[in-house]
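Inspection log for the structure reproduced underneath, given as structure tokens.
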Amino acid sequence: MMKRKKIFRCGRLPSEFFNRPTLSVAKELLGKIMVYGKYAGVITETEAYIGQDDPACHAARGKTPRNSVMFGPAGVSYVYFIYGMYHCLNFVTEEEGKAAAVLIRGLMLLEPSQEHLNGPGKLCRHLGITCEHNGLDLGQSEFFYVKDSPLSPPFEATPRIGIRQGQDKLWRFVVKKEKQK
DNA sequence: ACCCCGATCGTA
DNA sequence: ACGATCGGGGTT
């Protein structure tokens with residue numbers, strides 16, 4: 001008798017997932033599983049940075065060596081160094097030539113421990129993500145990718161954190177806390 | 001060559 | 001609410 005296969009394949013998200021409107025990608029990444037080496041966790045918080053018209057986006061003043069991968073194809077990591085001591089991880093979105101990305105701000109680890117990495121700096125520090133990991137193709141890498149998930153958790157939209165310009169946009173998306181029984 | 005500031009974090 | 005911290009991007 002044939003065994004039924006798992007209903008949810010939960011395969012890797014392809015580059016096409018990221019090659020879409022950034023706000024859609026930022027919202028839909030919530031609940032997905034990010035895999036980085038031995039680490040795996042549920043994405044719980046994201047922010048969208050969209051193109052040269054978004055004053056908070058690193059690409060607002062054009063292409064530079066630092067932000068160049070934002071102008072490239074979607075589904076690639078964009079890692080930058082900030083405040084002299086932290087790194088931040090993004091995933092490039094939209095079609096090649098349009099500079100946009102989603103900042104990963106929160107990760108609920110599943111493996112190998114179960115802590116909640118809240119904050120982009122803490123997240124990168126804990127996982128060991130640095131500028132060496134800038135420009136990696138999440139559609140190809142064996143150790144760094146995002147898995148699909150049946151989860152579609154409720155979330156709220158707020159202004160983005162730590163920016164001076166563009167605070168009018170509600171482009172931060174946070175999974176709501178689970179209600180306690 | 002140099003200056004200034006930041007997509008943060010932890011403590012007050 | 002605020003200070004620590006400092007590399008490097010952007011400009012001189």
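Identifiers for the structure tokens are assigned positionally: chains receive A, B, ... in sequence, residues are indexed from 1 per chain, and ligands are indexed from 1 in the order shown.
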
Compile the contact shell of C:DG9 as a short mmCIF file (atom, residue, chain, number, x, y, z; two decimals) with N, CA, C and O atoms (P, O5', C5', C4', C3', O3' and C1' of nucleotides), in the first residue's frame: residues with an atom at most 12 Å away, counting only C-alpha atoms (C1' of nucleotides), same-chain residues fewer than 2 positions apart removed.
data_model
loop_
_atom_site.label_atom_id
_atom_site.label_comp_id
_atom_site.auth_asym_id
_atom_site.auth_seq_id
_atom_site.Cartn_x
_atom_site.Cartn_y
_atom_site.Cartn_z
N HIS A 58 18.51 52.76 1.65
CA HIS A 58 19.92 53.05 1.37
C HIS A 58 20.13 53.45 -0.08
O HIS A 58 21.14 54.08 -0.40
N ARG A 61 19.84 57.59 -2.54
CA ARG A 61 20.76 58.53 -3.19
C ARG A 61 21.59 57.83 -4.26
O ARG A 61 22.73 58.21 -4.51
N LYS A 63 23.12 54.38 -6.57
CA LYS A 63 23.90 53.17 -6.40
C LYS A 63 25.29 53.48 -5.87
O LYS A 63 25.96 54.38 -6.37
N THR A 64 25.70 52.75 -4.86
CA THR A 64 27.04 52.87 -4.28
C THR A 64 27.59 51.46 -4.08
O THR A 64 26.84 50.49 -4.18
N PRO A 65 28.87 51.34 -3.78
CA PRO A 65 29.42 49.99 -3.54
C PRO A 65 28.65 49.24 -2.46
O PRO A 65 28.41 48.03 -2.58
N ARG A 66 28.26 49.94 -1.40
CA ARG A 66 27.57 49.26 -0.31
C ARG A 66 26.22 48.69 -0.74
O ARG A 66 25.89 47.54 -0.47
N ASN A 67 25.42 49.52 -1.41
CA ASN A 67 24.03 49.11 -1.67
C ASN A 67 23.86 48.44 -3.04
O ASN A 67 22.72 48.17 -3.44
N TYR A 80 24.66 44.69 5.62
CA TYR A 80 25.48 45.89 5.79
C TYR A 80 25.86 46.05 7.25
O TYR A 80 25.26 45.44 8.15
N PHE A 81 26.87 46.86 7.46
CA PHE A 81 27.43 47.11 8.79
C PHE A 81 26.91 48.44 9.30
O PHE A 81 26.86 49.42 8.57
N ILE A 82 26.51 48.50 10.58
CA ILE A 82 25.88 49.72 11.09
C ILE A 82 26.28 50.01 12.53
O ILE A 82 26.55 49.08 13.29
P DC B 2 43.90 62.84 7.33
"O5'" DC B 2 42.46 63.43 7.59
"C5'" DC B 2 41.87 64.31 6.61
"C4'" DC B 2 40.38 64.40 6.84
"C3'" DC B 2 39.92 64.01 8.24
"O3'" DC B 2 38.89 64.89 8.61
"C1'" DC B 2 38.75 62.76 6.67
P DC B 3 38.82 65.48 10.17
"O5'" DC B 3 37.35 66.08 10.17
"C5'" DC B 3 36.75 66.44 8.92
"C4'" DC B 3 35.35 65.83 8.81
"C3'" DC B 3 34.62 65.71 10.15
"O3'" DC B 3 33.37 66.32 10.00
"C1'" DC B 3 34.51 63.66 8.94
P DC B 4 32.52 66.83 11.29
"O5'" DC B 4 31.14 66.10 11.01
"C5'" DC B 4 30.76 65.80 9.66
"C4'" DC B 4 29.82 64.62 9.65
"C3'" DC B 4 28.94 64.54 10.90
"O3'" DC B 4 27.63 64.27 10.46
"C1'" DC B 4 30.12 62.50 10.61
P DC B 5 26.33 64.61 11.35
"O5'" DC B 5 25.38 63.42 10.94
"C5'" DC B 5 25.55 62.75 9.69
"C4'" DC B 5 25.33 61.27 9.88
"C3'" DC B 5 24.34 60.93 10.99
"O3'" DC B 5 23.54 59.87 10.57
"C1'" DC B 5 26.33 59.75 11.32
P DG B 6 21.91 59.89 10.69
"O5'" DG B 6 21.60 58.37 10.36
"C5'" DG B 6 22.13 57.77 9.19
"C4'" DG B 6 22.63 56.39 9.51
"C3'" DG B 6 21.63 55.54 10.28
"O3'" DG B 6 21.64 54.21 9.77
"C1'" DG B 6 23.66 55.66 11.47
P DG C 7 36.71 50.42 13.97
"O5'" DG C 7 36.14 49.77 12.63
"C5'" DG C 7 34.94 49.01 12.69
"C4'" DG C 7 34.09 49.27 11.46
"C3'" DG C 7 34.86 49.45 10.16
"O3'" DG C 7 34.12 48.80 9.13
"C1'" DG C 7 33.61 51.41 10.60
P DT C 11 27.56 62.06 -1.62
"O5'" DT C 11 28.62 63.19 -1.28
"C5'" DT C 11 28.66 63.70 0.05
"C4'" DT C 11 30.01 64.27 0.35
"C3'" DT C 11 30.56 65.22 -0.72
"O3'" DT C 11 30.85 66.47 -0.13
"C1'" DT C 11 32.22 63.70 -0.02
#

Those in stretch 9-90 of chain A with strand (DSSP E) from DSSP, as JSON, numbers by chain | {"A": [33, 34, 35, 36, 39, 40, 41, 42, 43, 44, 45, 46, 47, 48, 49, 50, 77, 78, 79, 80, 81, 82, 86, 87, 88, 89, 90]}

Atom pair atom CA of A:Met34 / atom CA of A:Ala48: separation (Å) =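 Answer for the atom CA of A:Met34 to atom CA of A:Ala48 separation: 17.2 Å.
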
Hey, what's within 10 Å of A:Val175 if we count only C-alpha atoms (C1' of nucleotides) and toss same-chain stuff fewer than 3 positions away? As a ChimeraX atom specification, please?
-> /A:27,30-31,43-46,106,152-157,178

Between atom CA of A:Ser68 and atom CA of A:Gly37, what is the distance, to one decimal in Å?
->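 Separating atom CA of A:Ser68 from atom CA of A:Gly37 is a distance of 25.1 Å.
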
Using only C-alpha atoms (C1' of nucleotides), find each residue in chain C having at least one atom no more than 10 Å away from chain A; report its shortest atom-to-atom pair and that distance in Å (one decimal), rows by chain then rising number, as JSON lines.
{"residue": "C:DA4", "atom": "C1'", "partner": "A:Tyr83", "partner_atom": "CA", "distance": 9.9}
{"residue": "C:DT5", "atom": "C1'", "partner": "A:Gly84", "partner_atom": "CA", "distance": 6.0}
{"residue": "C:DC6", "atom": "C1'", "partner": "A:Gly84", "partner_atom": "CA", "distance": 4.2}
{"residue": "C:DG7", "atom": "C1'", "partner": "A:Gly84", "partner_atom": "CA", "distance": 5.1}
{"residue": "C:DG8", "atom": "C1'", "partner": "A:Phe81", "partner_atom": "CA", "distance": 8.6}
{"residue": "C:DG9", "atom": "C1'", "partner": "A:Arg66", "partner_atom": "CA", "distance": 7.6}
{"residue": "C:DG10", "atom": "C1'", "partner": "A:Thr64", "partner_atom": "CA", "distance": 9.2}

Output the contact residues of chain A with respect to chain B at a cut-off of 8 Å, based on only C-alpha atoms (C1' of nucleotides), as a list in words.
->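 Every residue of chain A that passes the 8 Å test is in Ala56, Cys57, Ile82, Tyr83, Tyr86, Cys88, Leu103, Gly119, Pro120, Gly121, Ile161, Gly162 and Ile163 of chain A.
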
Emit the selected residues as an mmCIF file, in the first residue's frame, including all heavy atoms.
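So part_23.cif came out as:
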data_model
loop_
_atom_site.group_PDB
_atom_site.id
_atom_site.type_symbol
_atom_site.label_atom_id
_atom_site.label_comp_id
_atom_site.auth_asym_id
_atom_site.auth_seq_id
_atom_site.Cartn_x
_atom_site.Cartn_y
_atom_site.Cartn_z
ATOM 1 N N ALA A 56 14.164 56.575 3.327
ATOM 2 C CA ALA A 56 14.822 55.756 4.346
ATOM 3 C C ALA A 56 15.639 54.621 3.738
ATOM 4 O O ALA A 56 16.417 53.967 4.428
ATOM 5 C CB ALA A 56 13.781 55.164 5.301
ATOM 6 N N CYS A 57 15.462 54.393 2.452
ATOM 7 C CA CYS A 57 16.156 53.296 1.773
ATOM 8 C C CYS A 57 17.597 53.691 1.467
ATOM 9 O O CYS A 57 17.878 54.832 1.099
ATOM 10 C CB CYS A 57 15.410 52.971 0.480
ATOM 11 S SG CYS A 57 16.122 51.617 -0.469
ATOM 12 N N ILE A 82 26.513 48.504 10.580
ATOM 13 C CA ILE A 82 25.875 49.724 11.087
ATOM 14 C C ILE A 82 26.282 50.005 12.531
ATOM 15 O O ILE A 82 26.551 49.085 13.291
ATOM 16 C CB ILE A 82 24.333 49.585 10.966
ATOM 17 C CG1 ILE A 82 23.638 50.926 11.229
ATOM 18 C CG2 ILE A 82 23.806 48.535 11.931
ATOM 19 C CD1 ILE A 82 23.870 51.971 10.198
ATOM 20 N N TYR A 83 26.339 51.252 12.890
ATOM 21 C CA TYR A 83 26.624 51.697 14.255
ATOM 22 C C TYR A 83 27.950 51.173 14.792
ATOM 23 O O TYR A 83 28.099 51.009 16.000
ATOM 24 C CB TYR A 83 25.483 51.314 15.196
ATOM 25 C CG TYR A 83 24.199 52.028 14.881
ATOM 26 C CD1 TYR A 83 23.045 51.326 14.594
ATOM 27 C CD2 TYR A 83 24.152 53.419 14.858
ATOM 28 C CE1 TYR A 83 21.869 51.979 14.296
ATOM 29 C CE2 TYR A 83 22.984 54.086 14.562
ATOM 30 C CZ TYR A 83 21.853 53.368 14.285
ATOM 31 O OH TYR A 83 20.696 54.026 13.986
ATOM 32 N N TYR A 86 27.219 46.495 14.569
ATOM 33 C CA TYR A 86 26.167 45.540 14.222
ATOM 34 C C TYR A 86 26.076 45.323 12.714
ATOM 35 O O TYR A 86 26.495 46.161 11.927
ATOM 36 C CB TYR A 86 24.808 46.028 14.729
ATOM 37 C CG TYR A 86 24.720 46.140 16.218
ATOM 38 C CD1 TYR A 86 24.695 47.387 16.835
ATOM 39 C CD2 TYR A 86 24.677 44.998 17.015
ATOM 40 C CE1 TYR A 86 24.630 47.492 18.215
ATOM 41 C CE2 TYR A 86 24.605 45.103 18.391
ATOM 42 C CZ TYR A 86 24.586 46.353 18.991
ATOM 43 O OH TYR A 86 24.524 46.454 20.353
ATOM 44 N N CYS A 88 23.116 44.040 9.678
ATOM 45 C CA CYS A 88 21.697 43.850 9.417
ATOM 46 C C CYS A 88 21.515 43.034 8.152
ATOM 47 O O CYS A 88 22.207 43.238 7.153
ATOM 48 C CB CYS A 88 20.983 45.194 9.261
ATOM 49 S SG CYS A 88 20.863 46.136 10.784
ATOM 50 N N LEU A 103 14.138 43.994 5.316
ATOM 51 C CA LEU A 103 15.002 43.817 6.481
ATOM 52 C C LEU A 103 14.408 42.766 7.407
ATOM 53 O O LEU A 103 13.220 42.839 7.751
ATOM 54 C CB LEU A 103 15.148 45.151 7.225
ATOM 55 C CG LEU A 103 15.851 45.133 8.576
ATOM 56 C CD1 LEU A 103 17.327 44.784 8.423
ATOM 57 C CD2 LEU A 103 15.687 46.481 9.271
ATOM 58 N N GLY A 119 15.290 41.892 16.931
ATOM 59 C CA GLY A 119 16.203 42.980 16.591
ATOM 60 C C GLY A 119 17.213 42.509 15.556
ATOM 61 O O GLY A 119 17.789 41.435 15.696
ATOM 62 N N PRO A 120 17.410 43.322 14.519
ATOM 63 C CA PRO A 120 18.274 42.904 13.405
ATOM 64 C C PRO A 120 19.735 42.733 13.797
ATOM 65 O O PRO A 120 20.421 41.853 13.270
ATOM 66 C CB PRO A 120 18.103 44.046 12.394
ATOM 67 C CG PRO A 120 17.664 45.216 13.210
ATOM 68 C CD PRO A 120 16.841 44.659 14.319
ATOM 69 N N GLY A 121 20.219 43.562 14.729
ATOM 70 C CA GLY A 121 21.611 43.445 15.156
ATOM 71 C C GLY A 121 21.848 42.179 15.954
ATOM 72 O O GLY A 121 22.810 41.441 15.721
ATOM 73 N N ILE A 161 11.559 51.257 12.342
ATOM 74 C CA ILE A 161 12.342 51.608 13.529
ATOM 75 C C ILE A 161 13.677 52.256 13.144
ATOM 76 O O ILE A 161 14.315 51.825 12.189
ATOM 77 C CB ILE A 161 12.642 50.341 14.365
ATOM 78 C CG1 ILE A 161 11.349 49.625 14.749
ATOM 79 C CG2 ILE A 161 13.459 50.679 15.601
ATOM 80 C CD1 ILE A 161 10.444 50.412 15.662
ATOM 81 N N GLY A 162 14.047 53.285 13.897
ATOM 82 C CA GLY A 162 15.406 53.803 13.790
ATOM 83 C C GLY A 162 15.702 54.674 12.599
ATOM 84 O O GLY A 162 16.867 54.926 12.301
ATOM 85 N N ILE A 163 14.677 55.140 11.911
ATOM 86 C CA ILE A 163 14.892 55.993 10.745
ATOM 87 C C ILE A 163 14.445 57.413 11.060
ATOM 88 O O ILE A 163 13.649 57.650 11.971
ATOM 89 C CB ILE A 163 14.113 55.475 9.518
ATOM 90 C CG1 ILE A 163 12.622 55.387 9.843
ATOM 91 C CG2 ILE A 163 14.660 54.129 9.069
ATOM 92 C CD1 ILE A 163 11.758 55.089 8.650
#

Which value, in Å to one decimal, gives the distance between atom CA of A:Val69 and atom CA of A:Glu16?
->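 Distance between the two atoms: 16.6 Å.
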
Taking the backbone alone, and naming residues the way the document does, which bits of chain A are alpha helix (DSSP H) by DSSP, as a PyMOL selection string?
-> chain A and resi 15-18+22-28+120-127

Same residues, all heavy atoms, saved as a compact mmCIF listing (two decimals), in the first residue's frame:
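Writing done, so here's result11.txt:
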# COMPACT_ATOMS: atom_id res chain seq x y z
N SER A 15 13.52 32.18 -6.17
CA SER A 15 13.82 33.60 -6.41
C SER A 15 12.58 34.37 -6.83
O SER A 15 12.44 35.56 -6.52
CB SER A 15 14.90 33.73 -7.49
OG SER A 15 16.08 33.08 -7.08
N GLU A 16 11.67 33.69 -7.51
CA GLU A 16 10.46 34.37 -8.00
C GLU A 16 9.61 34.90 -6.84
O GLU A 16 8.88 35.88 -6.99
CB GLU A 16 9.60 33.41 -8.85
CG GLU A 16 10.25 32.98 -10.15
CD GLU A 16 11.31 31.93 -9.95
OE1 GLU A 16 11.02 30.86 -9.37
OE2 GLU A 16 12.47 32.17 -10.35
N PHE A 17 9.70 34.22 -5.70
CA PHE A 17 8.94 34.71 -4.53
C PHE A 17 9.37 36.13 -4.17
O PHE A 17 8.55 36.96 -3.80
CB PHE A 17 9.17 33.78 -3.33
CG PHE A 17 8.56 34.28 -2.05
CD1 PHE A 17 7.25 33.97 -1.72
CD2 PHE A 17 9.30 35.07 -1.17
CE1 PHE A 17 6.69 34.43 -0.54
CE2 PHE A 17 8.74 35.54 0.02
CZ PHE A 17 7.43 35.21 0.33
N PHE A 18 10.68 36.38 -4.29
CA PHE A 18 11.22 37.69 -3.90
C PHE A 18 11.08 38.71 -5.03
O PHE A 18 11.14 39.91 -4.78
CB PHE A 18 12.68 37.54 -3.50
CG PHE A 18 12.90 36.64 -2.32
CD1 PHE A 18 13.17 35.28 -2.50
CD2 PHE A 18 12.81 37.14 -1.03
CE1 PHE A 18 13.35 34.44 -1.40
CE2 PHE A 18 12.99 36.30 0.07
CZ PHE A 18 13.26 34.95 -0.12
N THR A 22 7.59 44.62 -2.93
CA THR A 22 8.29 44.44 -1.66
C THR A 22 7.35 44.33 -0.47
O THR A 22 7.61 43.57 0.46
CB THR A 22 9.27 45.61 -1.46
OG1 THR A 22 10.12 45.70 -2.61
CG2 THR A 22 10.13 45.39 -0.23
N LEU A 23 6.26 45.09 -0.50
CA LEU A 23 5.32 45.02 0.63
C LEU A 23 4.70 43.64 0.74
O LEU A 23 4.50 43.11 1.84
CB LEU A 23 4.23 46.09 0.50
CG LEU A 23 4.72 47.54 0.65
CD1 LEU A 23 3.57 48.52 0.43
CD2 LEU A 23 5.35 47.76 2.02
N SER A 24 4.39 43.02 -0.40
CA SER A 24 3.85 41.66 -0.38
C SER A 24 4.87 40.69 0.19
O SER A 24 4.55 39.85 1.03
CB SER A 24 3.45 41.22 -1.79
OG SER A 24 2.49 42.09 -2.34
N VAL A 25 6.11 40.81 -0.27
CA VAL A 25 7.15 39.91 0.20
C VAL A 25 7.37 40.09 1.70
O VAL A 25 7.46 39.10 2.45
CB VAL A 25 8.47 40.15 -0.56
CG1 VAL A 25 9.58 39.28 -0.01
CG2 VAL A 25 8.27 39.89 -2.05
N ALA A 26 7.42 41.34 2.15
CA ALA A 26 7.67 41.60 3.57
C ALA A 26 6.58 40.99 4.45
O ALA A 26 6.86 40.40 5.50
CB ALA A 26 7.76 43.10 3.81
N LYS A 27 5.33 41.10 4.02
CA LYS A 27 4.22 40.55 4.80
C LYS A 27 4.23 39.03 4.75
O LYS A 27 4.03 38.36 5.77
CB LYS A 27 2.88 41.07 4.28
CG LYS A 27 2.69 42.56 4.46
CD LYS A 27 1.44 43.02 3.71
CE LYS A 27 1.34 44.53 3.68
NZ LYS A 27 0.26 45.01 2.79
N GLU A 28 4.46 38.49 3.55
CA GLU A 28 4.36 37.04 3.40
C GLU A 28 5.57 36.30 3.98
O GLU A 28 5.49 35.08 4.21
CB GLU A 28 4.20 36.69 1.91
CG GLU A 28 2.86 37.16 1.37
CD GLU A 28 2.72 36.94 -0.13
OE1 GLU A 28 3.31 35.98 -0.65
OE2 GLU A 28 2.03 37.74 -0.78
N PRO A 120 17.41 43.32 14.52
CA PRO A 120 18.27 42.90 13.41
C PRO A 120 19.74 42.73 13.80
O PRO A 120 20.42 41.85 13.27
CB PRO A 120 18.10 44.05 12.39
CG PRO A 120 17.66 45.22 13.21
CD PRO A 120 16.84 44.66 14.32
N GLY A 121 20.22 43.56 14.73
CA GLY A 121 21.61 43.45 15.16
C GLY A 121 21.85 42.18 15.95
O GLY A 121 22.81 41.44 15.72
N LYS A 122 20.96 41.91 16.89
CA LYS A 122 21.08 40.71 17.71
C LYS A 122 20.97 39.46 16.86
O LYS A 122 21.68 38.47 17.07
CB LYS A 122 19.98 40.69 18.79
CG LYS A 122 20.23 41.69 19.90
CD LYS A 122 19.30 41.45 21.07
CE LYS A 122 17.92 42.00 20.83
NZ LYS A 122 17.06 41.85 22.01
N LEU A 123 20.06 39.51 15.89
CA LEU A 123 19.84 38.37 15.00
C LEU A 123 21.14 38.00 14.27
O LEU A 123 21.58 36.85 14.29
CB LEU A 123 18.73 38.73 14.01
CG LEU A 123 18.11 37.67 13.13
CD1 LEU A 123 16.72 38.11 12.69
CD2 LEU A 123 18.96 37.40 11.91
N CYS A 124 21.76 38.99 13.66
CA CYS A 124 23.00 38.73 12.90
C CYS A 124 24.13 38.31 13.83
O CYS A 124 24.92 37.43 13.49
CB CYS A 124 23.40 39.96 12.10
SG CYS A 124 22.38 40.20 10.64
N ARG A 125 24.22 38.94 14.98
CA ARG A 125 25.30 38.60 15.92
C ARG A 125 25.17 37.15 16.37
O ARG A 125 26.14 36.41 16.42
CB ARG A 125 25.23 39.53 17.13
CG ARG A 125 26.42 39.40 18.06
CD ARG A 125 26.25 40.29 19.27
NE ARG A 125 25.00 39.99 19.99
CZ ARG A 125 24.51 40.69 20.98
NH1 ARG A 125 25.14 41.80 21.37
NH2 ARG A 125 23.40 40.35 21.59
N HIS A 126 23.95 36.74 16.66
CA HIS A 126 23.74 35.37 17.15
C HIS A 126 24.03 34.33 16.08
O HIS A 126 24.59 33.27 16.36
CB HIS A 126 22.31 35.22 17.66
CG HIS A 126 22.07 33.97 18.44
ND1 HIS A 126 21.76 32.76 17.83
CD2 HIS A 126 22.10 33.71 19.76
CE1 HIS A 126 21.62 31.83 18.75
NE2 HIS A 126 21.82 32.38 19.93
N LEU A 127 23.63 34.62 14.85
CA LEU A 127 23.84 33.66 13.77
C LEU A 127 25.23 33.75 13.17
O LEU A 127 25.64 32.86 12.43
CB LEU A 127 22.79 33.87 12.67
CG LEU A 127 21.32 33.74 13.07
CD1 LEU A 127 20.44 33.79 11.84
CD2 LEU A 127 21.07 32.46 13.86
